[in-house]
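Participant: Before anything else, here's the structure in question.
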Amino acid sequence: MSNIWKFGADVDTDQIVPGRYAPYMRPNEDVGDAAFIEARPDFNKQAVPGDIIVATDNFGCGSSREYAPYALRRRQVGAIFANSFARIFYRNAVNLGIPVFTDEALVQKLQDGSEATFSLEAGTITIDGETHQLPEVPNFAKEIIDAGGIVPYVREHGRFPNS
Amino acid sequence: MGGQTLSEQIISHNAAVNRPVRAGELVVVEPDTAMGHDSLTPGIIKTVKEQLGVAQVANKDQIVLVMDHVAPASNVGTAENQNFIRQFAWEQDVRLFDVGRGICHQVLVEEQIARPGTIVVGSDSHSTSYGAVGAFGSGMGSTDIALVWATGKTWLRVPETLRVQVSGRFRPGVDAKDLALKLCRDLTIAGATYMAIEYHGMEWLPLNGRQTMASMAIELGAKAGIFPPDGVVAERFDVPDWLFVDPDATYAQTIEINLDELEPQVAIPHSVDDVVDLSDITGQKIDVVFLGTCTNGRYEDMRDAADILQGQTIHPRVRMLLTPASREELQKAIADDTLNTLLAAGATLTTPGCGACMGRHQGTLGTDDICLSTGNRNFKGRMGHPTSQIYLSSPSVAAASAITGEITDPRKLVS
């Protein structure tokens, strides 16, 4: 079971990892320890691998800092569901192999503090005993996520997706 | 085929594309420049060398490095990271603009590395700034920049374009920052996601105003924010003959703004699109004024502030931080009485660069501090403690407010 951590609209990357906690500033620390350190201290202290982040509109807006999604990968977040994502965050998350889904109906069903059963392999998420198919992901993003990120993808294929 | 937007023209003419493209297509491009700054370059280098296993970059002339985010270093961690970047720059023979040269987005324009018709990607969301000179500028994460350095290429989706059609002229006391904030207010923080913005009807706008506007395209979620290469840009830069405003281009959306009706605007905590008329927020107490950033750290911004602070002193309970966008801009402010006026009024001069914008050095905010910044972001905790607050305004409003200790309309100051 995955814990659901739900956020509202326009969660900016300063909330995910404040610039003061960048790896640049603290090269010997794990940036995963700084995930939502100020904006959501309960997540920072209690989130465990496989947990799911849910948000409404425009998740990850603001800075291009890849250490924001990277911090979530360090915490082994299982997936992120949102109504919509900011462009750079979405691309960074895909590049890091984090499963990201856009689906307003599922976002509505996923409540903060609840639990869900998520399986990328089976392509399903079960909420309150009801099993839903995972939303479709654009083909290029799916190829990258399935490879585990853009670096393993490029190493394997020697090219970018769709090229 | 019909006409093309500026983004479609630029991507079509990229060396790796070289065919007419349309919004919606996924293409592999060879960016003319891939910029990395000190904050993210250590990670980019590690991705290139350790994860991608590439010892030599694909094209050293494509890469530019700038030390601006924490410059000079503030602690041992940043000092070691900067030395790591210097070693890489020397070893790979790539251009490095070291501590004190200025903010990446200002430096690349001054050096004419960003030019009309080029594609410039950077490890910084404000890379939309290069649109000020008619370039396709876009921010990317570290892994994408690492792939450019390793392969010379990246992929992107040709964006749809949102056309901003401006009429009229700024009234006294109103400038490009107010227009940038008004766009955030009208379009919202996600209003141009995945799109390029084109700014029309401002052939008369000076370069600094174009940079202010283009830097804030990302605050609408945009992929790029491009000015047609007219006016001052056509005078100072070579413009390729294929880059022009095509009357047959297709725009996904057009919004019209009449500058004759525009009032000074202020963004209030904690979102860039939470914007009000200045008159609705005057009297708000402030502790810090920050004059700087890629949005408003140029000579003209300092000059606007100096015109208001001439013969004045800042409020005894206000700290005013002055961080020029580059060494050249600082030198311009020294060449006349601009810098001296600001210092005489009580401003504190810091090294050219990003300064306090990210809360890392040179003026980090403490508990409950309230800052009026000429920057581009007011997210919670961005400049320091999460209880601190950031308001955003033009340099004129910031200067007037520094005198009174509260948000003030410069047009109503009695001198």
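Simple scheme: letters A, B, ... for chains in structure tokens order, numbers from 1 for residues in each chain, numbers from 1 for ligands in the order shown.
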Within 7 Å of chain A, which residues of chain B are there when counting only C-alpha atoms? Please give them as a PyMOL selection string.
Facilitator: chain B and resi 28+39+52+77-78+81+123-125+139-142+155+190+193-194+219+221+358-360+379+382+386
Participant: Would you mind exporting the chosen residues as a tab-separated table (two decimals), in the first residue's frame, restricted to N, CA and C atoms?
Facilitator:
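Writing the result to out_9.tsv gives the following:
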chain	number	residue	atom	x	y	z
B	28	VAL	N	14.60	16.87	-33.18
B	28	VAL	CA	15.92	16.90	-32.55
B	28	VAL	C	16.65	18.13	-33.09
B	39	SER	N	25.26	26.72	-10.05
B	39	SER	CA	24.40	25.96	-9.15
B	39	SER	C	24.20	24.52	-9.64
B	52	LEU	N	26.94	9.16	-18.42
B	52	LEU	CA	26.97	8.97	-19.87
B	52	LEU	C	28.31	8.44	-20.35
B	77	GLY	N	31.43	24.26	0.64
B	77	GLY	CA	30.74	23.44	-0.36
B	77	GLY	C	30.67	24.13	-1.71
B	78	THR	N	30.24	25.39	-1.73
B	78	THR	CA	30.14	26.10	-3.01
B	78	THR	C	31.54	26.38	-3.57
B	81	ASN	N	32.71	23.23	-5.26
B	81	ASN	CA	31.94	23.04	-6.49
B	81	ASN	C	32.42	23.97	-7.59
B	123	SER	N	20.60	25.77	-18.12
B	123	SER	CA	20.20	25.03	-16.92
B	123	SER	C	19.49	25.97	-15.95
B	124	ASP	N	18.66	26.85	-16.49
B	124	ASP	CA	18.02	27.86	-15.67
B	124	ASP	C	16.70	28.23	-16.31
B	125	SER	N	15.66	28.25	-15.51
B	125	SER	CA	14.33	28.48	-16.09
B	125	SER	C	14.22	29.85	-16.76
B	139	GLY	N	14.64	27.04	-20.78
B	139	GLY	CA	15.28	26.41	-19.63
B	139	GLY	C	15.07	24.91	-19.63
B	140	MET	N	16.08	24.20	-19.15
B	140	MET	CA	16.03	22.74	-19.07
B	140	MET	C	16.66	22.30	-17.76
B	141	GLY	N	16.45	21.03	-17.43
B	141	GLY	CA	17.09	20.47	-16.24
B	141	GLY	C	18.51	20.03	-16.54
B	142	SER	N	19.20	19.59	-15.48
B	142	SER	CA	20.62	19.24	-15.61
B	142	SER	C	20.85	18.08	-16.57
B	155	TRP	N	16.13	17.15	-27.80
B	155	TRP	CA	14.87	17.08	-28.54
B	155	TRP	C	13.92	18.10	-27.95
B	190	ALA	N	0.25	29.53	-15.00
B	190	ALA	CA	0.33	28.40	-15.93
B	190	ALA	C	-0.26	28.76	-17.29
B	193	THR	N	1.79	27.64	-20.47
B	193	THR	CA	2.52	26.38	-20.37
B	193	THR	C	2.64	25.70	-21.73
B	194	TYR	N	3.85	25.27	-22.04
B	194	TYR	CA	4.21	24.62	-23.31
B	194	TYR	C	4.22	25.56	-24.51
B	219	GLU	N	7.44	32.76	-15.96
B	219	GLU	CA	6.49	32.88	-14.84
B	219	GLU	C	5.06	32.63	-15.29
B	221	GLY	N	4.72	30.04	-17.30
B	221	GLY	CA	4.89	28.64	-17.70
B	221	GLY	C	5.43	28.47	-19.11
B	358	MET	N	17.72	33.93	-4.65
B	358	MET	CA	17.40	32.55	-4.23
B	358	MET	C	17.66	32.31	-2.76
B	359	GLY	N	17.89	33.37	-2.00
B	359	GLY	CA	18.02	33.22	-0.56
B	359	GLY	C	19.27	32.51	-0.10
B	360	ARG	N	20.30	32.47	-0.96
B	360	ARG	CA	21.47	31.70	-0.61
B	360	ARG	C	22.60	32.53	-0.03
B	379	PHE	N	7.93	33.15	-4.46
B	379	PHE	CA	7.47	31.91	-3.83
B	379	PHE	C	7.86	31.90	-2.35
B	382	ARG	N	11.52	31.57	-0.81
B	382	ARG	CA	12.52	31.61	-1.88
B	382	ARG	C	13.77	32.39	-1.46
B	386	PRO	N	10.98	30.57	5.70
B	386	PRO	CA	9.63	30.38	5.12
B	386	PRO	C	8.59	31.37	5.64
Participant: Find the spatial neighbours of region 145-152 of chain B, counting only C-alpha atoms, within a cut-off of 6 Å - ignore same-chain residues fewer than 4 positions away - and output them as a ChimeraX atom specification.
Facilitator: /B:30,44,48,57-58
Participant: Restricting the output to C-alpha atoms, write the selected residues as a PDB file, in the first residue's frame.
Facilitator:
ATOM      1  CA  GLU B  30      21.438  21.204 -32.208  1.00  0.00           C
ATOM      2  CA  ILE B  44      25.778  18.245 -15.195  1.00  0.00           C
ATOM      3  CA  VAL B  48      28.276  13.704 -18.628  1.00  0.00           C
ATOM      4  CA  VAL B  57      32.197  17.157 -24.822  1.00  0.00           C
ATOM      5  CA  ALA B  58      30.660  16.958 -28.298  1.00  0.00           C
TER       6      ALA B  58
END
Participant: What is the distance, in Å and to one decimal place, between CA of Trp242 (chain B) and CA of Lys60 (chain B)?
Facilitator: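 Separation between CA of Trp242 (chain B) and CA of Lys60 (chain B): 27.0 Å.
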Participant: Taking into account only C-alpha atoms, which residue in the set A:Ile37, A:Glu136, A:Ile52, A:Met1 is nearest to Gln111 (chain A)?
Facilitator: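 So, comparing all the options, the nearest one is A:Ile52.
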Participant: Just the number, please: distance in Å from CA of Ala55 (chain B) to CA of Ala68 (chain A), one decimal.
Facilitator: 27.1 Å
Participant: Write out as a list of chain:residue names the residues lying within 6 Å of region 2-13 of chain B, counting only C-alpha atoms and excluding same-chain residues fewer than 5 positions away.
Facilitator: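 Result of the neighbour search: B:Asn18, B:Arg19, B:Pro20, B:Val21, B:Gly117, B:Asp246, B:Asp248, B:Ala249.
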Participant: What is the CA of Gly292 (chain B) to CA of Ser129 (chain B) distance in Å?
Facilitator: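 Straight-line distance from CA of Gly292 (chain B) to CA of Ser129 (chain B) works out to 14.9 Å.
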Participant: If we count only C-alpha atoms and set the cut-off at 9 Å, which residues sit around Val99 (chain B), ignoring sequence neighbours fewer than 4 positions away in its own chain? Please answer as a PyMOL selection string.
Facilitator: chain B and resi 66-68+70-73+351-353
Participant: With N, CA and C atoms kept, could you save the residues just selected as a compact mmCIF listing (two decimals), in the first residue's frame?
Facilitator:
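Done, and the output landed in part-v7.txt:
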# COMPACT_ATOMS: atom_id res chain seq x y z
N VAL B 66 28.76 30.00 -16.53
CA VAL B 66 28.73 31.29 -15.83
C VAL B 66 28.61 31.05 -14.33
N MET B 67 29.43 31.74 -13.56
CA MET B 67 29.35 31.68 -12.09
C MET B 67 28.52 32.87 -11.63
N ASP B 68 27.28 32.63 -11.26
CA ASP B 68 26.44 33.76 -10.85
C ASP B 68 25.54 33.46 -9.65
N VAL B 70 25.90 31.72 -6.69
CA VAL B 70 26.49 32.01 -5.38
C VAL B 70 27.91 32.50 -5.66
N ALA B 71 28.01 33.77 -5.95
CA ALA B 71 29.28 34.28 -6.46
C ALA B 71 29.64 35.60 -5.77
N PRO B 72 30.80 35.68 -5.10
CA PRO B 72 31.75 34.59 -4.86
C PRO B 72 31.18 33.55 -3.88
N ALA B 73 31.91 32.43 -3.75
CA ALA B 73 31.45 31.31 -2.93
C ALA B 73 31.15 31.76 -1.50
N THR B 351 28.28 41.99 -5.16
CA THR B 351 28.89 41.50 -6.40
C THR B 351 27.83 41.30 -7.49
N PRO B 352 28.11 41.72 -8.74
CA PRO B 352 27.18 41.42 -9.83
C PRO B 352 26.89 39.91 -9.90
N GLY B 353 25.65 39.56 -10.06
CA GLY B 353 25.25 38.15 -10.09
C GLY B 353 23.79 38.05 -9.65
Participant: Excluding Val100 (chain A) and its own-chain neighbours fewer than 6 positions away, which residues fall within 10 Å of it when counting only C-alpha atoms? Please give them as a PyMOL selection string.
Facilitator: chain A and resi 53-54+78-82+84-85+90-91+93-94+135+137+141-142+145
Participant: Of the residues B:Leu365, B:Ala347, B:Ala89, B:Ala135, which is the one nearest to Asp238 (chain B), using only C-alpha atoms?
Facilitator: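 Using only C-alpha atoms, the shortest distance to Asp238 (chain B) belongs to B:Ala135.
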Participant: For a quick check of understanding, using only C-alpha atoms, which of A:Asp33, A:Asp42, A:Asp146, A:Glu130 has the smallest distance to Ile98 (chain A)?
Facilitator: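 Closest to Ile98 (chain A) of all the choices is A:Asp146.
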Participant: Please extract the residues of region 41-137 of chain B with a backbone DSSP assignment of helix (DSSP H, G or I) and present them as an MDAnalysis selection string.
Facilitator: chainID B and resid 41:51 60:62 76:92 104:110 125:133
Participant: Please provide as a PyMOL selection string all residues within 12 Å of Arg317 (chain B), with the sequence filter that same-chain residues fewer than 2 positions apart are discarded (counting only C-alpha atoms).
Facilitator: chain B and resi 285-289+313-315+319-320+346+369-370+401-406
Participant: Put those residues in a file: N, CA and C atoms, as an mmCIF file, in the first residue's frame.
Facilitator:
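Contents of result_0.cif, as written:
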data_model
loop_
_atom_site.group_PDB
_atom_site.id
_atom_site.type_symbol
_atom_site.label_atom_id
_atom_site.label_comp_id
_atom_site.auth_asym_id
_atom_site.auth_seq_id
_atom_site.Cartn_x
_atom_site.Cartn_y
_atom_site.Cartn_z
ATOM 1 N N LYS B 285 4.093 47.830 4.969
ATOM 2 C CA LYS B 285 5.445 48.002 5.539
ATOM 3 C C LYS B 285 6.433 46.996 4.937
ATOM 4 N N ILE B 286 7.673 47.445 4.758
ATOM 5 C CA ILE B 286 8.719 46.563 4.236
ATOM 6 C C ILE B 286 10.000 46.718 5.057
ATOM 7 N N ASP B 287 10.824 45.676 5.057
ATOM 8 C CA ASP B 287 12.093 45.703 5.788
ATOM 9 C C ASP B 287 13.292 45.769 4.845
ATOM 10 N N VAL B 288 13.125 45.204 3.665
ATOM 11 C CA VAL B 288 14.237 45.064 2.731
ATOM 12 C C VAL B 288 13.776 45.481 1.338
ATOM 13 N N VAL B 289 14.621 46.211 0.617
ATOM 14 C CA VAL B 289 14.400 46.449 -0.815
ATOM 15 C C VAL B 289 15.560 45.789 -1.557
ATOM 16 N N THR B 313 17.446 59.845 1.486
ATOM 17 C CA THR B 313 18.053 58.708 2.189
ATOM 18 C C THR B 313 16.974 57.666 2.421
ATOM 19 N N ILE B 314 17.428 56.409 2.440
ATOM 20 C CA ILE B 314 16.448 55.345 2.648
ATOM 21 C C ILE B 314 15.996 55.367 4.114
ATOM 22 N N HIS B 315 14.830 54.791 4.352
ATOM 23 C CA HIS B 315 14.227 54.756 5.684
ATOM 24 C C HIS B 315 15.180 54.052 6.668
ATOM 25 N N ARG B 319 16.755 47.990 4.811
ATOM 26 C CA ARG B 319 18.038 47.676 4.170
ATOM 27 C C ARG B 319 17.769 47.634 2.673
ATOM 28 N N MET B 320 18.616 48.317 1.912
ATOM 29 C CA MET B 320 18.452 48.279 0.456
ATOM 30 C C MET B 320 19.659 47.598 -0.172
ATOM 31 N N GLY B 346 22.052 55.208 0.793
ATOM 32 C CA GLY B 346 22.127 54.152 1.802
ATOM 33 C C GLY B 346 22.064 52.739 1.265
ATOM 34 N N ASP B 369 10.739 38.692 7.813
ATOM 35 C CA ASP B 369 11.230 39.805 6.997
ATOM 36 C C ASP B 369 10.308 40.005 5.792
ATOM 37 N N ILE B 370 10.044 41.247 5.480
ATOM 38 C CA ILE B 370 9.229 41.556 4.298
ATOM 39 C C ILE B 370 10.099 42.297 3.292
ATOM 40 N N SER B 401 9.710 53.169 -2.256
ATOM 41 C CA SER B 401 9.351 52.446 -1.034
ATOM 42 C C SER B 401 10.526 52.380 -0.063
ATOM 43 N N ALA B 402 11.749 52.389 -0.599
ATOM 44 C CA ALA B 402 12.927 52.372 0.269
ATOM 45 C C ALA B 402 13.001 53.652 1.103
ATOM 46 N N ILE B 403 12.514 54.743 0.551
ATOM 47 C CA ILE B 403 12.547 56.023 1.266
ATOM 48 C C ILE B 403 11.550 56.027 2.425
ATOM 49 N N THR B 404 10.364 55.511 2.166
ATOM 50 C CA THR B 404 9.280 55.627 3.153
ATOM 51 C C THR B 404 9.173 54.422 4.082
ATOM 52 N N GLY B 405 9.764 53.274 3.695
ATOM 53 C CA GLY B 405 9.633 52.067 4.513
ATOM 54 C C GLY B 405 8.312 51.354 4.298
ATOM 55 N N GLU B 406 7.558 51.815 3.333
ATOM 56 C CA GLU B 406 6.310 51.131 2.984
ATOM 57 C C GLU B 406 6.100 51.237 1.482
#
Participant: Can you tell me which residues surround region 160-167 of chain B at a distance of at most 9 Å, considering only C-alpha atoms, apart from same-chain residues fewer than 2 positions away, and format the answer as a PDB file with N, CA and C atoms, in the first residue's frame?
Facilitator:
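That gives us around.pdb:
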ATOM      1  N   THR B   5       5.504  31.107 -37.177  1.00  0.00           N
ATOM      2  CA  THR B   5       5.817  31.950 -36.024  1.00  0.00           C
ATOM      3  C   THR B   5       7.339  32.075 -35.919  1.00  0.00           C
ATOM      4  N   LEU B   6       7.808  32.966 -35.048  1.00  0.00           N
ATOM      5  CA  LEU B   6       9.255  33.125 -34.856  1.00  0.00           C
ATOM      6  C   LEU B   6       9.877  31.813 -34.376  1.00  0.00           C
ATOM      7  N   SER B   7       9.196  31.116 -33.454  1.00  0.00           N
ATOM      8  CA  SER B   7       9.732  29.836 -32.957  1.00  0.00           C
ATOM      9  C   SER B   7       9.839  28.820 -34.078  1.00  0.00           C
ATOM     10  N   GLU B   8       8.805  28.750 -34.916  1.00  0.00           N
ATOM     11  CA  GLU B   8       8.833  27.795 -36.035  1.00  0.00           C
ATOM     12  C   GLU B   8       9.959  28.138 -37.007  1.00  0.00           C
ATOM     13  N   ARG B  22       6.347  22.682 -37.910  1.00  0.00           N
ATOM     14  CA  ARG B  22       5.096  23.252 -37.430  1.00  0.00           C
ATOM     15  C   ARG B  22       4.943  22.975 -35.945  1.00  0.00           C
ATOM     16  N   ALA B  23       4.193  23.803 -35.262  1.00  0.00           N
ATOM     17  CA  ALA B  23       3.868  23.564 -33.856  1.00  0.00           C
ATOM     18  C   ALA B  23       3.316  22.160 -33.681  1.00  0.00           C
ATOM     19  N   GLY B  24       3.776  21.481 -32.648  1.00  0.00           N
ATOM     20  CA  GLY B  24       3.298  20.136 -32.347  1.00  0.00           C
ATOM     21  C   GLY B  24       4.276  19.047 -32.721  1.00  0.00           C
ATOM     22  N   VAL B 158       7.999  21.498 -30.989  1.00  0.00           N
ATOM     23  CA  VAL B 158       7.812  22.848 -31.514  1.00  0.00           C
ATOM     24  C   VAL B 158       6.559  23.433 -30.857  1.00  0.00           C
ATOM     25  N   ARG B 169       1.506  53.431 -25.157  1.00  0.00           N
ATOM     26  CA  ARG B 169       2.841  53.588 -24.567  1.00  0.00           C
ATOM     27  C   ARG B 169       2.711  53.641 -23.053  1.00  0.00           C
ATOM     28  N   LEU B 183       0.782  40.691 -17.267  1.00  0.00           N
ATOM     29  CA  LEU B 183       0.580  39.449 -18.019  1.00  0.00           C
ATOM     30  C   LEU B 183       0.423  38.270 -17.069  1.00  0.00           C
ATOM     31  N   ALA B 192       0.676  30.082 -20.049  1.00  0.00           N
ATOM     32  CA  ALA B 192       1.357  29.876 -21.334  1.00  0.00           C
ATOM     33  C   ALA B 192       2.161  28.578 -21.319  1.00  0.00           C
ATOM     34  N   TYR B 194       3.852  25.268 -22.036  1.00  0.00           N
ATOM     35  CA  TYR B 194       4.207  24.618 -23.314  1.00  0.00           C
ATOM     36  C   TYR B 194       4.216  25.558 -24.505  1.00  0.00           C
ATOM     37  N   MET B 195       3.786  26.803 -24.327  1.00  0.00           N
ATOM     38  CA  MET B 195       3.725  27.710 -25.473  1.00  0.00           C
ATOM     39  C   MET B 195       4.934  28.655 -25.504  1.00  0.00           C
ATOM     40  N   ALA B 196       5.200  29.181 -26.694  1.00  0.00           N
ATOM     41  CA  ALA B 196       6.104  30.324 -26.807  1.00  0.00           C
ATOM     42  C   ALA B 196       5.240  31.575 -26.802  1.00  0.00           C
ATOM     43  N   ILE B 197       5.769  32.652 -26.236  1.00  0.00           N
ATOM     44  CA  ILE B 197       5.071  33.933 -26.287  1.00  0.00           C
ATOM     45  C   ILE B 197       5.787  34.797 -27.314  1.00  0.00           C
ATOM     46  N   GLU B 198       5.017  35.533 -28.117  1.00  0.00           N
ATOM     47  CA  GLU B 198       5.621  36.585 -28.955  1.00  0.00           C
ATOM     48  C   GLU B 198       5.044  37.919 -28.520  1.00  0.00           C
ATOM     49  N   TYR B 199       5.925  38.914 -28.421  1.00  0.00           N
ATOM     50  CA  TYR B 199       5.514  40.245 -27.971  1.00  0.00           C
ATOM     51  C   TYR B 199       5.485  41.180 -29.171  1.00  0.00           C
ATOM     52  N   HIS B 200       4.310  41.677 -29.508  1.00  0.00           N
ATOM     53  CA  HIS B 200       4.159  42.536 -30.691  1.00  0.00           C
ATOM     54  C   HIS B 200       3.698  43.940 -30.308  1.00  0.00           C
ATOM     55  N   GLY B 201       4.101  44.910 -31.143  1.00  0.00           N
ATOM     56  CA  GLY B 201       3.662  46.289 -30.935  1.00  0.00           C
ATOM     57  C   GLY B 201       4.607  47.106 -30.075  1.00  0.00           C
ATOM     58  N   MET B 202       5.841  46.599 -29.884  1.00  0.00           N
ATOM     59  CA  MET B 202       6.782  47.319 -29.024  1.00  0.00           C
ATOM     60  C   MET B 202       8.141  47.497 -29.698  1.00  0.00           C
ATOM     61  N   THR B 250       0.361  31.371 -37.624  1.00  0.00           N
ATOM     62  CA  THR B 250      -0.812  30.946 -36.864  1.00  0.00           C
ATOM     63  C   THR B 250      -0.522  31.026 -35.362  1.00  0.00           C
ATOM     64  N   TYR B 251      -1.376  31.714 -34.642  1.00  0.00           N
ATOM     65  CA  TYR B 251      -1.222  31.844 -33.192  1.00  0.00           C
ATOM     66  C   TYR B 251      -2.320  31.077 -32.472  1.00  0.00           C
ATOM     67  N   ALA B 252      -1.927  30.372 -31.394  1.00  0.00           N
ATOM     68  CA  ALA B 252      -2.905  29.588 -30.641  1.00  0.00           C
ATOM     69  C   ALA B 252      -3.837  30.507 -29.870  1.00  0.00           C
ATOM     70  N   GLN B 253      -3.333  31.679 -29.531  1.00  0.00           N
ATOM     71  CA  GLN B 253      -4.103  32.602 -28.697  1.00  0.00           C
ATOM     72  C   GLN B 253      -3.507  33.995 -28.872  1.00  0.00           C
ATOM     73  N   THR B 254      -4.334  35.010 -28.831  1.00  0.00           N
ATOM     74  CA  THR B 254      -3.835  36.390 -28.879  1.00  0.00           C
ATOM     75  C   THR B 254      -4.464  37.165 -27.739  1.00  0.00           C
ATOM     76  N   ILE B 255      -3.641  37.893 -26.989  1.00  0.00           N
ATOM     77  CA  ILE B 255      -4.237  38.795 -26.007  1.00  0.00           C
ATOM     78  C   ILE B 255      -3.758  40.213 -26.294  1.00  0.00           C
ATOM     79  N   GLU B 256      -4.647  41.162 -26.045  1.00  0.00           N
ATOM     80  CA  GLU B 256      -4.341  42.559 -26.346  1.00  0.00           C
ATOM     81  C   GLU B 256      -4.252  43.356 -25.056  1.00  0.00           C
ATOM     82  N   ILE B 257      -3.243  44.226 -24.998  1.00  0.00           N
ATOM     83  CA  ILE B 257      -3.079  45.079 -23.820  1.00  0.00           C
ATOM     84  C   ILE B 257      -2.828  46.500 -24.283  1.00  0.00           C
ATOM     85  N   ASN B 258      -3.581  47.429 -23.716  1.00  0.00           N
ATOM     86  CA  ASN B 258      -3.406  48.843 -24.030  1.00  0.00           C
ATOM     87  C   ASN B 258      -2.568  49.495 -22.930  1.00  0.00           C
ATOM     88  N   LEU B 259      -1.346  49.866 -23.291  1.00  0.00           N
ATOM     89  CA  LEU B 259      -0.435  50.424 -22.278  1.00  0.00           C
ATOM     90  C   LEU B 259      -0.925  51.769 -21.745  1.00  0.00           C
ATOM     91  N   ASP B 260      -1.732  52.463 -22.522  1.00  0.00           N
ATOM     92  CA  ASP B 260      -2.237  53.756 -22.051  1.00  0.00           C
ATOM     93  C   ASP B 260      -3.074  53.610 -20.783  1.00  0.00           C
TER      94      ASP B 260
END
Participant: Determine which residues of region 2-156 of chain A DSSP labels as strand (DSSP E) from the backbone of this structure, then write them out as a PyMOL selection string.
Facilitator: chain A and resi 2-6+52-55+79-82+100-102+115-119+124-127+130-133
Participant: I need the residues from that last selection saved to file as a short mmCIF file (atom, residue, chain, number, x, y, z; two decimals), in the first residue's frame (with N, CA and C atoms), if you can.
Facilitator:
data_model
loop_
_atom_site.label_atom_id
_atom_site.label_comp_id
_atom_site.auth_asym_id
_atom_site.auth_seq_id
_atom_site.Cartn_x
_atom_site.Cartn_y
_atom_site.Cartn_z
N SER A 2 0.41 2.24 -0.73
CA SER A 2 1.14 3.52 -0.80
C SER A 2 0.35 4.58 -0.06
N ASN A 3 1.06 5.38 0.73
CA ASN A 3 0.41 6.54 1.36
C ASN A 3 0.21 7.62 0.32
N ILE A 4 -0.89 8.35 0.43
CA ILE A 4 -1.18 9.43 -0.50
C ILE A 4 -0.87 10.76 0.17
N TRP A 5 -0.03 11.54 -0.50
CA TRP A 5 0.30 12.89 -0.03
C TRP A 5 -0.26 13.86 -1.04
N LYS A 6 -1.33 14.56 -0.65
CA LYS A 6 -2.00 15.41 -1.65
C LYS A 6 -1.69 16.89 -1.43
N ILE A 52 2.82 7.98 -2.85
CA ILE A 52 2.36 8.66 -4.06
C ILE A 52 2.06 10.12 -3.77
N ILE A 53 2.53 10.98 -4.65
CA ILE A 53 2.23 12.41 -4.54
C ILE A 53 1.09 12.73 -5.51
N VAL A 54 0.14 13.51 -5.00
CA VAL A 54 -1.01 13.92 -5.81
C VAL A 54 -1.11 15.44 -5.72
N ALA A 55 -1.43 16.09 -6.81
CA ALA A 55 -1.57 17.54 -6.79
C ALA A 55 -2.60 17.95 -7.82
N ALA A 79 4.93 7.38 -7.69
CA ALA A 79 4.34 8.05 -8.85
C ALA A 79 3.86 9.43 -8.43
N ILE A 80 3.66 10.29 -9.41
CA ILE A 80 3.04 11.59 -9.17
C ILE A 80 1.83 11.70 -10.09
N PHE A 81 0.66 11.97 -9.48
CA PHE A 81 -0.57 12.22 -10.24
C PHE A 81 -0.92 13.69 -10.08
N ALA A 82 -1.25 14.36 -11.17
CA ALA A 82 -1.67 15.76 -11.08
C ALA A 82 -2.65 16.08 -12.19
N VAL A 100 4.89 9.78 -14.07
CA VAL A 100 4.06 10.97 -13.87
C VAL A 100 2.79 10.83 -14.71
N PHE A 101 1.65 11.08 -14.07
CA PHE A 101 0.37 10.88 -14.73
C PHE A 101 -0.51 12.12 -14.61
N THR A 102 -1.23 12.40 -15.68
CA THR A 102 -2.16 13.52 -15.70
C THR A 102 -3.57 12.97 -15.79
N GLU A 115 -4.81 5.66 1.52
CA GLU A 115 -3.85 4.71 0.94
C GLU A 115 -4.37 4.21 -0.40
N ALA A 116 -3.46 3.75 -1.24
CA ALA A 116 -3.85 3.17 -2.52
C ALA A 116 -2.85 2.08 -2.87
N THR A 117 -3.27 1.16 -3.73
CA THR A 117 -2.35 0.14 -4.21
C THR A 117 -2.01 0.46 -5.65
N PHE A 118 -0.72 0.66 -5.89
CA PHE A 118 -0.27 1.14 -7.20
C PHE A 118 0.65 0.11 -7.82
N SER A 119 0.40 -0.23 -9.08
CA SER A 119 1.31 -1.15 -9.75
C SER A 119 1.59 -0.66 -11.16
N THR A 124 -2.19 -0.43 -13.00
CA THR A 124 -3.42 -0.15 -12.24
C THR A 124 -3.13 0.59 -10.94
N ILE A 125 -4.18 1.25 -10.47
CA ILE A 125 -4.15 1.82 -9.12
C ILE A 125 -5.50 1.52 -8.48
N THR A 126 -5.44 1.01 -7.23
CA THR A 126 -6.67 0.63 -6.54
C THR A 126 -6.92 1.60 -5.39
N ILE A 127 -8.09 2.25 -5.46
CA ILE A 127 -8.46 3.25 -4.45
C ILE A 127 -9.80 2.82 -3.85
N GLU A 130 -11.57 -0.03 -5.39
CA GLU A 130 -11.91 0.11 -6.81
C GLU A 130 -10.62 0.19 -7.63
N THR A 131 -10.49 -0.68 -8.62
CA THR A 131 -9.26 -0.69 -9.41
C THR A 131 -9.45 0.11 -10.70
N HIS A 132 -8.50 1.03 -10.94
CA HIS A 132 -8.55 1.89 -12.13
C HIS A 132 -7.32 1.62 -13.00
N GLN A 133 -7.52 1.71 -14.32
CA GLN A 133 -6.37 1.65 -15.23
C GLN A 133 -5.57 2.94 -15.07
#
Participant: Which is closest to Gly381 (chain B) among B:Thr212, B:Thr350, B:Thr295, B:Ser271, if we use only C-alpha atoms?
Facilitator: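 Of the candidates, the smallest distance to Gly381 (chain B) is held by B:Ser271.
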Participant: Between A:Gln76, A:Gln46, A:Thr56, A:Asn83, which has the minimum distance to Pro99 (chain A) (counting only C-alpha atoms)?
Facilitator: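 Selected residue with least distance to Pro99 (chain A): A:Gln76.
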Participant: Which is closer to Asp128 (chain A) than all the others in A:Ala71, A:Ala35, A:Ala105, A:Leu110, using only C-alpha atoms?
Facilitator: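 Checking each candidate against Asp128 (chain A), we get A:Leu110 as the closest.
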